[in-house]
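Reproduced below: model_34.txt, with compact mmCIF, N, CA and C atoms.
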# COMPACT_ATOMS: atom_id res chain seq x y z
N MET A 19 20.74 36.77 38.06
CA MET A 19 19.94 37.73 37.37
C MET A 19 18.69 37.04 36.86
N HIS A 20 17.63 37.81 36.70
CA HIS A 20 16.35 37.28 36.24
C HIS A 20 16.13 37.66 34.78
N ALA A 21 15.63 36.71 34.01
CA ALA A 21 15.22 36.97 32.63
C ALA A 21 13.69 37.04 32.60
N VAL A 22 13.14 37.05 31.40
CA VAL A 22 11.69 37.15 31.23
C VAL A 22 10.95 35.92 31.77
N HIS A 23 11.66 34.87 32.11
CA HIS A 23 11.04 33.66 32.63
C HIS A 23 10.67 33.81 34.11
N SER A 24 11.03 34.92 34.70
CA SER A 24 10.71 35.21 36.09
C SER A 24 10.16 36.63 36.12
N ASP A 25 10.81 37.51 36.87
CA ASP A 25 10.32 38.89 36.88
C ASP A 25 11.30 39.86 36.23
N GLY A 26 12.18 39.33 35.37
CA GLY A 26 13.10 40.17 34.61
C GLY A 26 12.44 40.68 33.34
N ARG A 27 13.08 41.63 32.70
CA ARG A 27 12.51 42.24 31.50
C ARG A 27 13.23 41.85 30.22
N LEU A 28 14.41 41.22 30.33
CA LEU A 28 15.20 40.91 29.15
C LEU A 28 15.24 39.41 28.90
N THR A 29 15.41 39.06 27.65
CA THR A 29 15.55 37.65 27.26
C THR A 29 16.97 37.18 27.55
N PRO A 30 17.19 35.87 27.63
CA PRO A 30 18.56 35.37 27.77
C PRO A 30 19.47 35.89 26.66
N GLU A 31 18.97 36.00 25.45
CA GLU A 31 19.77 36.52 24.34
C GLU A 31 20.26 37.94 24.62
N ARG A 32 19.38 38.80 25.07
CA ARG A 32 19.77 40.18 25.36
C ARG A 32 20.67 40.27 26.58
N LEU A 33 20.43 39.43 27.58
CA LEU A 33 21.28 39.44 28.77
C LEU A 33 22.70 38.98 28.45
N THR A 34 22.83 37.92 27.65
CA THR A 34 24.19 37.47 27.30
C THR A 34 24.88 38.48 26.39
N ALA A 35 24.15 39.12 25.49
CA ALA A 35 24.74 40.16 24.64
C ALA A 35 25.24 41.31 25.51
N GLY A 36 24.44 41.70 26.50
CA GLY A 36 24.85 42.77 27.41
C GLY A 36 26.05 42.38 28.25
N ALA A 37 26.10 41.12 28.70
CA ALA A 37 27.24 40.65 29.48
C ALA A 37 28.51 40.70 28.64
N ARG A 38 28.42 40.27 27.41
CA ARG A 38 29.59 40.32 26.51
C ARG A 38 30.02 41.77 26.27
N ALA A 39 29.07 42.64 26.01
CA ALA A 39 29.38 44.05 25.76
C ALA A 39 30.04 44.70 26.97
N ALA A 40 29.67 44.24 28.16
CA ALA A 40 30.26 44.79 29.39
C ALA A 40 31.59 44.13 29.73
N GLY A 41 31.99 43.12 28.94
CA GLY A 41 33.27 42.44 29.18
C GLY A 41 33.22 41.42 30.30
N LEU A 42 32.02 40.93 30.65
CA LEU A 42 31.91 39.94 31.72
C LEU A 42 32.36 38.57 31.23
N ASP A 43 32.91 37.78 32.12
CA ASP A 43 33.30 36.41 31.83
C ASP A 43 32.20 35.42 32.15
N PHE A 44 31.29 35.79 33.06
CA PHE A 44 30.21 34.90 33.46
C PHE A 44 29.03 35.70 33.98
N LEU A 45 27.89 35.03 34.05
CA LEU A 45 26.71 35.56 34.71
C LEU A 45 25.97 34.39 35.32
N ALA A 46 25.13 34.67 36.31
CA ALA A 46 24.33 33.64 36.96
C ALA A 46 22.86 33.96 36.75
N THR A 47 22.11 32.95 36.35
CA THR A 47 20.69 33.10 36.15
C THR A 47 19.95 32.49 37.34
N THR A 48 19.05 33.25 37.92
CA THR A 48 18.33 32.79 39.12
C THR A 48 16.87 33.18 39.03
N GLU A 49 16.11 32.48 38.20
CA GLU A 49 14.68 32.75 38.10
C GLU A 49 13.99 32.29 39.38
N HIS A 50 12.88 32.91 39.71
CA HIS A 50 12.12 32.54 40.91
C HIS A 50 11.45 31.18 40.73
N ASN A 51 11.86 30.19 41.51
CA ASN A 51 11.17 28.90 41.65
C ASN A 51 10.88 28.18 40.34
N THR A 52 11.75 28.32 39.37
CA THR A 52 11.54 27.63 38.10
C THR A 52 12.88 27.35 37.41
N ALA A 53 12.87 26.30 36.61
CA ALA A 53 14.02 25.97 35.76
C ALA A 53 13.65 26.19 34.30
N GLU A 54 12.53 26.87 34.07
CA GLU A 54 12.01 27.07 32.73
C GLU A 54 13.04 27.67 31.77
N ALA A 55 13.86 28.57 32.24
CA ALA A 55 14.81 29.25 31.36
C ALA A 55 16.09 28.46 31.11
N HIS A 56 16.36 27.41 31.88
CA HIS A 56 17.65 26.71 31.75
C HIS A 56 17.96 26.31 30.32
N GLY A 57 17.00 25.80 29.59
CA GLY A 57 17.23 25.35 28.22
C GLY A 57 17.50 26.47 27.23
N PHE A 58 17.15 27.69 27.58
CA PHE A 58 17.34 28.82 26.67
C PHE A 58 18.76 29.38 26.70
N TRP A 59 19.47 29.13 27.79
CA TRP A 59 20.79 29.75 27.95
C TRP A 59 21.87 29.10 27.09
N ASN A 60 21.81 27.77 26.90
CA ASN A 60 22.93 27.09 26.24
C ASN A 60 23.15 27.56 24.81
N ARG A 61 22.15 28.08 24.14
CA ARG A 61 22.38 28.55 22.76
C ARG A 61 23.05 29.92 22.71
N HIS A 62 23.23 30.56 23.87
CA HIS A 62 23.84 31.90 23.91
C HIS A 62 25.18 31.93 24.62
N VAL A 63 25.69 30.78 25.02
CA VAL A 63 26.99 30.74 25.70
C VAL A 63 28.07 30.28 24.73
N GLY A 64 29.29 30.50 25.11
CA GLY A 64 30.43 30.08 24.31
C GLY A 64 31.68 30.09 25.16
N ASN A 65 32.81 29.96 24.52
CA ASN A 65 34.08 29.97 25.26
C ASN A 65 34.34 31.30 25.95
N ASP A 66 33.66 32.35 25.51
CA ASP A 66 33.88 33.67 26.08
C ASP A 66 32.93 34.02 27.22
N LEU A 67 31.90 33.18 27.47
CA LEU A 67 30.92 33.52 28.50
C LEU A 67 30.39 32.25 29.15
N LEU A 68 30.52 32.19 30.46
CA LEU A 68 29.99 31.09 31.25
C LEU A 68 28.67 31.53 31.87
N VAL A 69 27.65 30.69 31.76
CA VAL A 69 26.37 30.95 32.42
C VAL A 69 26.21 29.93 33.54
N ILE A 70 26.06 30.41 34.76
CA ILE A 70 25.87 29.56 35.93
C ILE A 70 24.37 29.45 36.17
N LEU A 71 23.86 28.22 36.07
CA LEU A 71 22.43 28.01 36.29
C LEU A 71 22.10 28.08 37.77
N GLY A 72 20.98 28.68 38.07
CA GLY A 72 20.56 28.78 39.45
C GLY A 72 19.06 28.96 39.56
N GLU A 73 18.64 29.15 40.78
CA GLU A 73 17.24 29.41 41.08
C GLU A 73 17.20 30.33 42.30
N GLU A 74 16.37 31.35 42.24
CA GLU A 74 16.13 32.12 43.45
C GLU A 74 14.96 31.43 44.15
N VAL A 75 15.29 30.69 45.18
CA VAL A 75 14.30 29.93 45.92
C VAL A 75 13.50 30.93 46.75
N THR A 76 12.26 31.13 46.37
CA THR A 76 11.41 32.13 46.99
C THR A 76 10.38 31.42 47.86
N THR A 77 10.65 31.38 49.16
CA THR A 77 9.80 30.66 50.10
C THR A 77 8.75 31.59 50.70
N ARG A 78 7.98 31.08 51.61
CA ARG A 78 6.96 31.90 52.27
C ARG A 78 7.58 32.97 53.16
N THR A 79 8.83 32.76 53.60
CA THR A 79 9.44 33.70 54.54
C THR A 79 10.73 34.33 54.03
N GLY A 80 11.09 34.13 52.78
CA GLY A 80 12.29 34.76 52.28
C GLY A 80 12.79 34.13 50.99
N HIS A 81 13.90 34.66 50.51
CA HIS A 81 14.51 34.23 49.27
C HIS A 81 15.94 33.79 49.54
N TRP A 82 16.41 32.78 48.78
CA TRP A 82 17.83 32.43 48.83
C TRP A 82 18.25 31.89 47.47
N PRO A 83 19.41 32.34 46.96
CA PRO A 83 19.86 31.87 45.66
C PRO A 83 20.60 30.54 45.77
N ALA A 84 20.22 29.61 44.93
CA ALA A 84 20.92 28.33 44.82
C ALA A 84 21.63 28.33 43.47
N LEU A 85 22.95 28.38 43.47
CA LEU A 85 23.73 28.45 42.24
C LEU A 85 24.35 27.10 41.91
N ARG A 86 24.57 26.88 40.63
CA ARG A 86 25.18 25.66 40.10
C ARG A 86 24.24 24.46 40.22
N ILE A 87 22.95 24.68 40.09
CA ILE A 87 22.03 23.55 40.09
C ILE A 87 22.08 22.87 38.73
N ARG A 88 21.60 21.64 38.68
CA ARG A 88 21.59 20.88 37.43
C ARG A 88 20.56 21.48 36.47
N PRO A 89 20.79 21.38 35.17
CA PRO A 89 19.77 21.84 34.22
C PRO A 89 18.43 21.15 34.51
N GLY A 90 17.39 21.93 34.63
CA GLY A 90 16.07 21.41 34.90
C GLY A 90 15.75 21.18 36.37
N GLN A 91 16.75 21.29 37.24
CA GLN A 91 16.51 21.07 38.67
C GLN A 91 15.75 22.25 39.27
N VAL A 92 14.72 21.94 40.06
CA VAL A 92 13.98 22.96 40.80
C VAL A 92 14.06 22.59 42.27
N VAL A 93 14.50 23.52 43.09
CA VAL A 93 14.60 23.31 44.53
C VAL A 93 13.23 23.59 45.15
N ASP A 94 12.80 22.72 46.04
CA ASP A 94 11.51 22.88 46.72
C ASP A 94 11.46 24.24 47.41
N TRP A 95 10.35 24.92 47.28
CA TRP A 95 10.22 26.25 47.86
C TRP A 95 8.93 26.44 48.67
N LEU A 96 8.12 25.40 48.81
CA LEU A 96 6.85 25.53 49.52
C LEU A 96 7.01 25.25 51.02
N TYR A 97 7.69 26.14 51.71
CA TYR A 97 7.89 26.00 53.14
C TYR A 97 8.23 27.36 53.72
N SER A 98 8.28 27.43 55.05
CA SER A 98 8.75 28.63 55.74
C SER A 98 9.89 28.22 56.65
N LEU A 99 10.54 29.18 57.24
CA LEU A 99 11.71 28.89 58.08
C LEU A 99 11.38 27.97 59.25
N ARG A 100 10.18 28.01 59.74
CA ARG A 100 9.81 27.18 60.89
C ARG A 100 9.48 25.73 60.50
N ASP A 101 9.32 25.47 59.22
CA ASP A 101 9.04 24.10 58.77
C ASP A 101 10.30 23.26 58.87
N GLU A 102 10.13 21.99 59.05
CA GLU A 102 11.28 21.08 59.11
C GLU A 102 11.88 20.82 57.73
N ARG A 103 11.19 21.24 56.69
CA ARG A 103 11.64 20.94 55.33
C ARG A 103 12.83 21.78 54.88
N VAL A 104 13.06 22.93 55.47
CA VAL A 104 14.16 23.77 55.01
C VAL A 104 15.50 23.05 55.12
N GLY A 105 15.73 22.31 56.17
CA GLY A 105 16.98 21.56 56.32
C GLY A 105 17.16 20.51 55.25
N ARG A 106 16.09 19.82 54.88
CA ARG A 106 16.16 18.82 53.81
C ARG A 106 16.50 19.48 52.48
N CYS A 107 15.93 20.65 52.21
CA CYS A 107 16.21 21.35 50.96
C CYS A 107 17.66 21.80 50.90
N LEU A 108 18.16 22.31 52.01
CA LEU A 108 19.57 22.72 52.05
C LEU A 108 20.49 21.52 51.88
N ASP A 109 20.17 20.40 52.52
CA ASP A 109 20.97 19.18 52.34
C ASP A 109 20.98 18.75 50.88
N GLU A 110 19.83 18.83 50.22
CA GLU A 110 19.72 18.44 48.81
C GLU A 110 20.65 19.27 47.93
N VAL A 111 20.63 20.58 48.11
CA VAL A 111 21.46 21.41 47.25
C VAL A 111 22.93 21.31 47.62
N HIS A 112 23.26 21.13 48.88
CA HIS A 112 24.67 20.96 49.26
C HIS A 112 25.24 19.67 48.67
N ARG A 113 24.45 18.58 48.70
CA ARG A 113 24.92 17.32 48.09
C ARG A 113 25.19 17.48 46.61
N ALA A 114 24.46 18.36 45.95
CA ALA A 114 24.65 18.59 44.52
C ALA A 114 25.80 19.56 44.25
N GLY A 115 26.46 20.05 45.32
CA GLY A 115 27.57 20.97 45.15
C GLY A 115 27.13 22.41 44.91
N VAL A 116 25.94 22.73 45.34
CA VAL A 116 25.38 24.06 45.12
C VAL A 116 25.82 25.00 46.23
N ARG A 117 26.15 26.22 45.86
CA ARG A 117 26.49 27.24 46.84
C ARG A 117 25.22 27.95 47.24
N VAL A 118 25.02 28.12 48.54
CA VAL A 118 23.82 28.78 49.05
C VAL A 118 24.25 29.93 49.95
N GLU A 119 23.74 31.12 49.65
CA GLU A 119 24.01 32.28 50.49
C GLU A 119 22.71 33.04 50.71
N VAL A 120 22.62 33.72 51.81
CA VAL A 120 21.46 34.57 52.08
C VAL A 120 21.96 35.93 52.53
N ARG A 121 21.14 36.93 52.29
CA ARG A 121 21.43 38.28 52.78
C ARG A 121 20.87 38.42 54.17
N ARG A 122 21.71 38.89 55.07
CA ARG A 122 21.24 39.18 56.42
C ARG A 122 20.54 40.53 56.40
N PRO A 123 19.74 40.83 57.42
CA PRO A 123 19.04 42.12 57.45
C PRO A 123 19.99 43.32 57.36
N ASP A 124 21.24 43.17 57.81
CA ASP A 124 22.18 44.29 57.73
C ASP A 124 22.90 44.36 56.39
N GLY A 125 22.53 43.47 55.44
CA GLY A 125 23.10 43.52 54.10
C GLY A 125 24.32 42.65 53.89
N ARG A 126 24.91 42.11 54.97
CA ARG A 126 26.08 41.25 54.82
C ARG A 126 25.64 39.87 54.37
N MET A 127 26.57 39.13 53.76
CA MET A 127 26.26 37.78 53.30
C MET A 127 26.49 36.79 54.43
N ALA A 128 25.64 35.79 54.51
CA ALA A 128 25.81 34.71 55.48
C ALA A 128 25.60 33.39 54.75
N ALA A 129 26.54 32.48 54.87
CA ALA A 129 26.42 31.19 54.20
C ALA A 129 25.58 30.25 55.05
N LEU A 130 24.80 29.42 54.39
CA LEU A 130 24.00 28.42 55.08
C LEU A 130 24.73 27.09 55.04
N GLY A 131 24.95 26.50 56.18
CA GLY A 131 25.59 25.19 56.21
C GLY A 131 27.04 25.29 55.81
N ASN A 132 27.49 24.32 55.05
CA ASN A 132 28.88 24.26 54.60
C ASN A 132 28.90 24.25 53.07
N PRO A 133 28.68 25.40 52.43
CA PRO A 133 28.54 25.42 50.97
C PRO A 133 29.87 25.15 50.27
N VAL A 134 29.75 24.70 49.06
CA VAL A 134 30.91 24.51 48.18
C VAL A 134 31.23 25.85 47.55
N VAL A 135 32.48 26.25 47.54
CA VAL A 135 32.86 27.53 46.98
C VAL A 135 32.87 27.42 45.46
N LEU A 136 32.34 28.43 44.80
CA LEU A 136 32.29 28.45 43.34
C LEU A 136 33.66 28.73 42.76
N ILE A 137 33.96 28.08 41.68
CA ILE A 137 35.13 28.28 40.82
C ILE A 137 36.39 28.63 41.54
Would you mind writing the file out in structure tokens?
Amino acid sequence: MHAVHSDGRLTPERLTAGARAAGLDFLATTEHNTAEAHGFWNRHVGNDLLVILGEEVTTRTGHWPALRIRPGQVVDWLYSLRDERVGRCLDEVHRAGVRVEVRRPDGRMAALGNPVVLI
């Protein structure tokens, strides 16, 4: 989900309050190409709510969510699918234990590489 640090409309405080009100156990934050919000989430989590840090990697040719990235980590996004850099970026996030998925044009999920399964 996106907060005000990307193209969302709500603050991390309001998003976590809403998640608790809805009875959620966790939420994932995926701002576009930034880790700016990572430091804001830890003051709103507790034993009742897990926040999974992520980034929506928004490249020249598409978007892909990288979940479970390290606090402050930003995945390189200045490339297109035809660039040789996409493989290096995927290797980087896989080594960090990050799960990477993309939406196919038909709406089904397709995993990139050999991702680590979350939780």
Atom pair atom N of Asn51 in chain A / atom N of Leu85 in chain A: separation (Å): 11.4 Å
Shell of 8 Å around Arg78 in chain A, only N, CA and C atoms, local chain residues under 6 positions omitted, as an MDAnalysis selection string: chainID A and resid 95:99
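Between atom N of Gln91 in chain A and atom C of Gly41 in chain A the separation is 26.9 Å.
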Interatomic distance, atom C of Asp25 in chain A to atom C of Gly105 in chain A (Å, one decimal): 27.8 Å
Selection: 6.5 Å around Glu49 in chain A, only N, CA and C atoms, excl. self and same-chain fewer than 5 positions, as a PyMOL selection string: chain A and resi 19-21+23-25+72-75
Nearby residues (only N, CA and C atoms) at most 8 Å from Ile87 in chain A, same-chain spacing under 3 positions excluded, as a ChimeraX atom specification: /A:70-73,84,90-92,111,114-117
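Compared by their closest atoms to Phe44 in chain A, and using only N, CA and C atoms, the residues A:Leu68, A:Val22, A:Arg113, A:Gly80 rank with A:Leu68 nearest.
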What box, with edges along x, y and z, holds each listed atom of range 70-73 of chain A when 4 Å is added on every side, and can you state its centre and edge lengths in Å to one decimal, as AutoDock Vina command-line options?
--center_x 21.6 --center_y 29.2 --center_z 38.5 --size_x 16.9 --size_y 10.4 --size_z 15.5
Need a file for range 40-70 of chain A from that block: N, CA, C and O atoms, written as an mmCIF file, in the first residue's frame.
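Output below, filename result-v1.cif:
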data_model
loop_
_atom_site.group_PDB
_atom_site.id
_atom_site.type_symbol
_atom_site.label_atom_id
_atom_site.label_comp_id
_atom_site.auth_asym_id
_atom_site.auth_seq_id
_atom_site.Cartn_x
_atom_site.Cartn_y
_atom_site.Cartn_z
ATOM 1 N N ALA A 40 -9.733 -2.763 10.926
ATOM 2 C CA ALA A 40 -10.232 -3.816 10.031
ATOM 3 C C ALA A 40 -9.860 -5.211 10.520
ATOM 4 O O ALA A 40 -10.232 -6.202 9.910
ATOM 5 N N GLY A 41 -9.079 -5.291 11.613
ATOM 6 C CA GLY A 41 -8.685 -6.589 12.159
ATOM 7 C C GLY A 41 -7.547 -7.255 11.411
ATOM 8 O O GLY A 41 -7.364 -8.466 11.516
ATOM 9 N N LEU A 42 -6.758 -6.475 10.667
ATOM 10 C CA LEU A 42 -5.631 -7.048 9.929
ATOM 11 C C LEU A 42 -4.478 -7.368 10.870
ATOM 12 O O LEU A 42 -4.275 -6.688 11.869
ATOM 13 N N ASP A 43 -3.732 -8.400 10.547
ATOM 14 C CA ASP A 43 -2.535 -8.771 11.297
ATOM 15 C C ASP A 43 -1.285 -8.126 10.730
ATOM 16 O O ASP A 43 -0.280 -7.992 11.408
ATOM 17 N N PHE A 44 -1.312 -7.762 9.443
ATOM 18 C CA PHE A 44 -0.148 -7.162 8.798
ATOM 19 C C PHE A 44 -0.579 -6.306 7.621
ATOM 20 O O PHE A 44 -1.705 -6.402 7.137
ATOM 21 N N LEU A 45 0.337 -5.461 7.181
ATOM 22 C CA LEU A 45 0.181 -4.726 5.938
ATOM 23 C C LEU A 45 1.567 -4.558 5.338
ATOM 24 O O LEU A 45 2.575 -4.680 6.023
ATOM 25 N N ALA A 46 1.613 -4.301 4.035
ATOM 26 C CA ALA A 46 2.880 -4.089 3.346
ATOM 27 C C ALA A 46 2.883 -2.685 2.765
ATOM 28 O O ALA A 46 1.910 -2.251 2.163
ATOM 29 N N THR A 47 3.979 -1.984 2.978
ATOM 30 C CA THR A 47 4.137 -0.644 2.449
ATOM 31 C C THR A 47 5.046 -0.697 1.231
ATOM 32 O O THR A 47 6.124 -1.291 1.286
ATOM 33 N N THR A 48 4.597 -0.120 0.134
ATOM 34 C CA THR A 48 5.365 -0.178 -1.125
ATOM 35 C C THR A 48 5.321 1.168 -1.820
ATOM 36 O O THR A 48 4.652 1.329 -2.827
ATOM 37 N N GLU A 49 6.050 2.137 -1.302
ATOM 38 C CA GLU A 49 6.114 3.443 -1.950
ATOM 39 C C GLU A 49 6.883 3.320 -3.265
ATOM 40 O O GLU A 49 7.754 2.468 -3.408
ATOM 41 N N HIS A 50 6.581 4.189 -4.210
ATOM 42 C CA HIS A 50 7.275 4.176 -5.501
ATOM 43 C C HIS A 50 8.716 4.662 -5.351
ATOM 44 O O HIS A 50 8.954 5.815 -4.993
ATOM 45 N N ASN A 51 9.683 3.777 -5.603
ATOM 46 C CA ASN A 51 11.100 4.124 -5.750
ATOM 47 C C ASN A 51 11.688 4.937 -4.601
ATOM 48 O O ASN A 51 12.563 5.771 -4.811
ATOM 49 N N THR A 52 11.229 4.700 -3.395
ATOM 50 C CA THR A 52 11.770 5.432 -2.255
ATOM 51 C C THR A 52 11.642 4.603 -0.979
ATOM 52 O O THR A 52 10.755 3.768 -0.862
ATOM 53 N N ALA A 53 12.554 4.864 -0.058
ATOM 54 C CA ALA A 53 12.492 4.275 1.283
ATOM 55 C C ALA A 53 12.171 5.359 2.299
ATOM 56 O O ALA A 53 12.293 5.151 3.495
ATOM 57 N N GLU A 54 11.744 6.518 1.820
ATOM 58 C CA GLU A 54 11.499 7.668 2.679
ATOM 59 C C GLU A 54 10.556 7.359 3.840
ATOM 60 O O GLU A 54 10.736 7.858 4.943
ATOM 61 N N ALA A 55 9.561 6.536 3.617
ATOM 62 C CA ALA A 55 8.566 6.263 4.653
ATOM 63 C C ALA A 55 8.997 5.197 5.652
ATOM 64 O O ALA A 55 8.370 5.060 6.707
ATOM 65 N N HIS A 56 10.049 4.433 5.366
ATOM 66 C CA HIS A 56 10.414 3.308 6.234
ATOM 67 C C HIS A 56 10.538 3.708 7.697
ATOM 68 O O HIS A 56 10.070 3.003 8.575
ATOM 69 N N GLY A 57 11.158 4.833 7.983
ATOM 70 C CA GLY A 57 11.352 5.260 9.363
ATOM 71 C C GLY A 57 10.086 5.686 10.073
ATOM 72 O O GLY A 57 10.046 5.732 11.296
ATOM 73 N N PHE A 58 9.032 5.976 9.333
ATOM 74 C CA PHE A 58 7.780 6.422 9.941
ATOM 75 C C PHE A 58 6.917 5.270 10.449
ATOM 76 O O PHE A 58 6.056 5.464 11.295
ATOM 77 N N TRP A 59 7.136 4.079 9.916
ATOM 78 C CA TRP A 59 6.256 2.958 10.256
ATOM 79 C C TRP A 59 6.520 2.387 11.642
ATOM 80 O O TRP A 59 5.587 1.970 12.319
ATOM 81 N N ASN A 60 7.791 2.354 12.084
ATOM 82 C CA ASN A 60 8.106 1.643 13.327
ATOM 83 C C ASN A 60 7.411 2.236 14.546
ATOM 84 O O ASN A 60 7.176 1.530 15.516
ATOM 85 N N ARG A 61 7.053 3.497 14.532
ATOM 86 C CA ARG A 61 6.362 4.067 15.700
ATOM 87 C C ARG A 61 4.884 3.703 15.743
ATOM 88 O O ARG A 61 4.201 4.021 16.712
ATOM 89 N N HIS A 62 4.378 3.046 14.697
ATOM 90 C CA HIS A 62 2.954 2.692 14.641
ATOM 91 C C HIS A 62 2.708 1.190 14.665
ATOM 92 O O HIS A 62 1.570 0.765 14.502
ATOM 93 N N VAL A 63 3.753 0.398 14.825
ATOM 94 C CA VAL A 63 3.576 -1.054 14.860
ATOM 95 C C VAL A 63 3.646 -1.550 16.301
ATOM 96 O O VAL A 63 4.082 -0.832 17.195
ATOM 97 N N GLY A 64 3.201 -2.755 16.494
ATOM 98 C CA GLY A 64 3.239 -3.379 17.815
ATOM 99 C C GLY A 64 3.053 -4.869 17.667
ATOM 100 O O GLY A 64 3.091 -5.408 16.562
ATOM 101 N N ASN A 65 2.828 -5.532 18.774
ATOM 102 C CA ASN A 65 2.628 -6.987 18.738
ATOM 103 C C ASN A 65 1.378 -7.376 17.967
ATOM 104 O O ASN A 65 1.240 -8.514 17.547
ATOM 105 N N ASP A 66 0.467 -6.430 17.782
ATOM 106 C CA ASP A 66 -0.788 -6.728 17.097
ATOM 107 C C ASP A 66 -0.752 -6.452 15.598
ATOM 108 O O ASP A 66 -1.677 -6.802 14.879
ATOM 109 N N LEU A 67 0.324 -5.808 15.098
ATOM 110 C CA LEU A 67 0.358 -5.448 13.684
ATOM 111 C C LEU A 67 1.791 -5.490 13.163
ATOM 112 O O LEU A 67 2.666 -4.815 13.697
ATOM 113 N N LEU A 68 1.996 -6.274 12.125
ATOM 114 C CA LEU A 68 3.284 -6.374 11.452
ATOM 115 C C LEU A 68 3.240 -5.499 10.203
ATOM 116 O O LEU A 68 2.277 -5.550 9.443
ATOM 117 N N VAL A 69 4.277 -4.686 10.010
ATOM 118 C CA VAL A 69 4.401 -3.901 8.785
ATOM 119 C C VAL A 69 5.571 -4.456 7.990
ATOM 120 O O VAL A 69 6.696 -4.520 8.480
ATOM 121 N N ILE A 70 5.302 -4.884 6.772
ATOM 122 C CA ILE A 70 6.321 -5.428 5.877
ATOM 123 C C ILE A 70 6.808 -4.283 4.994
ATOM 124 O O ILE A 70 6.025 -3.689 4.249
#
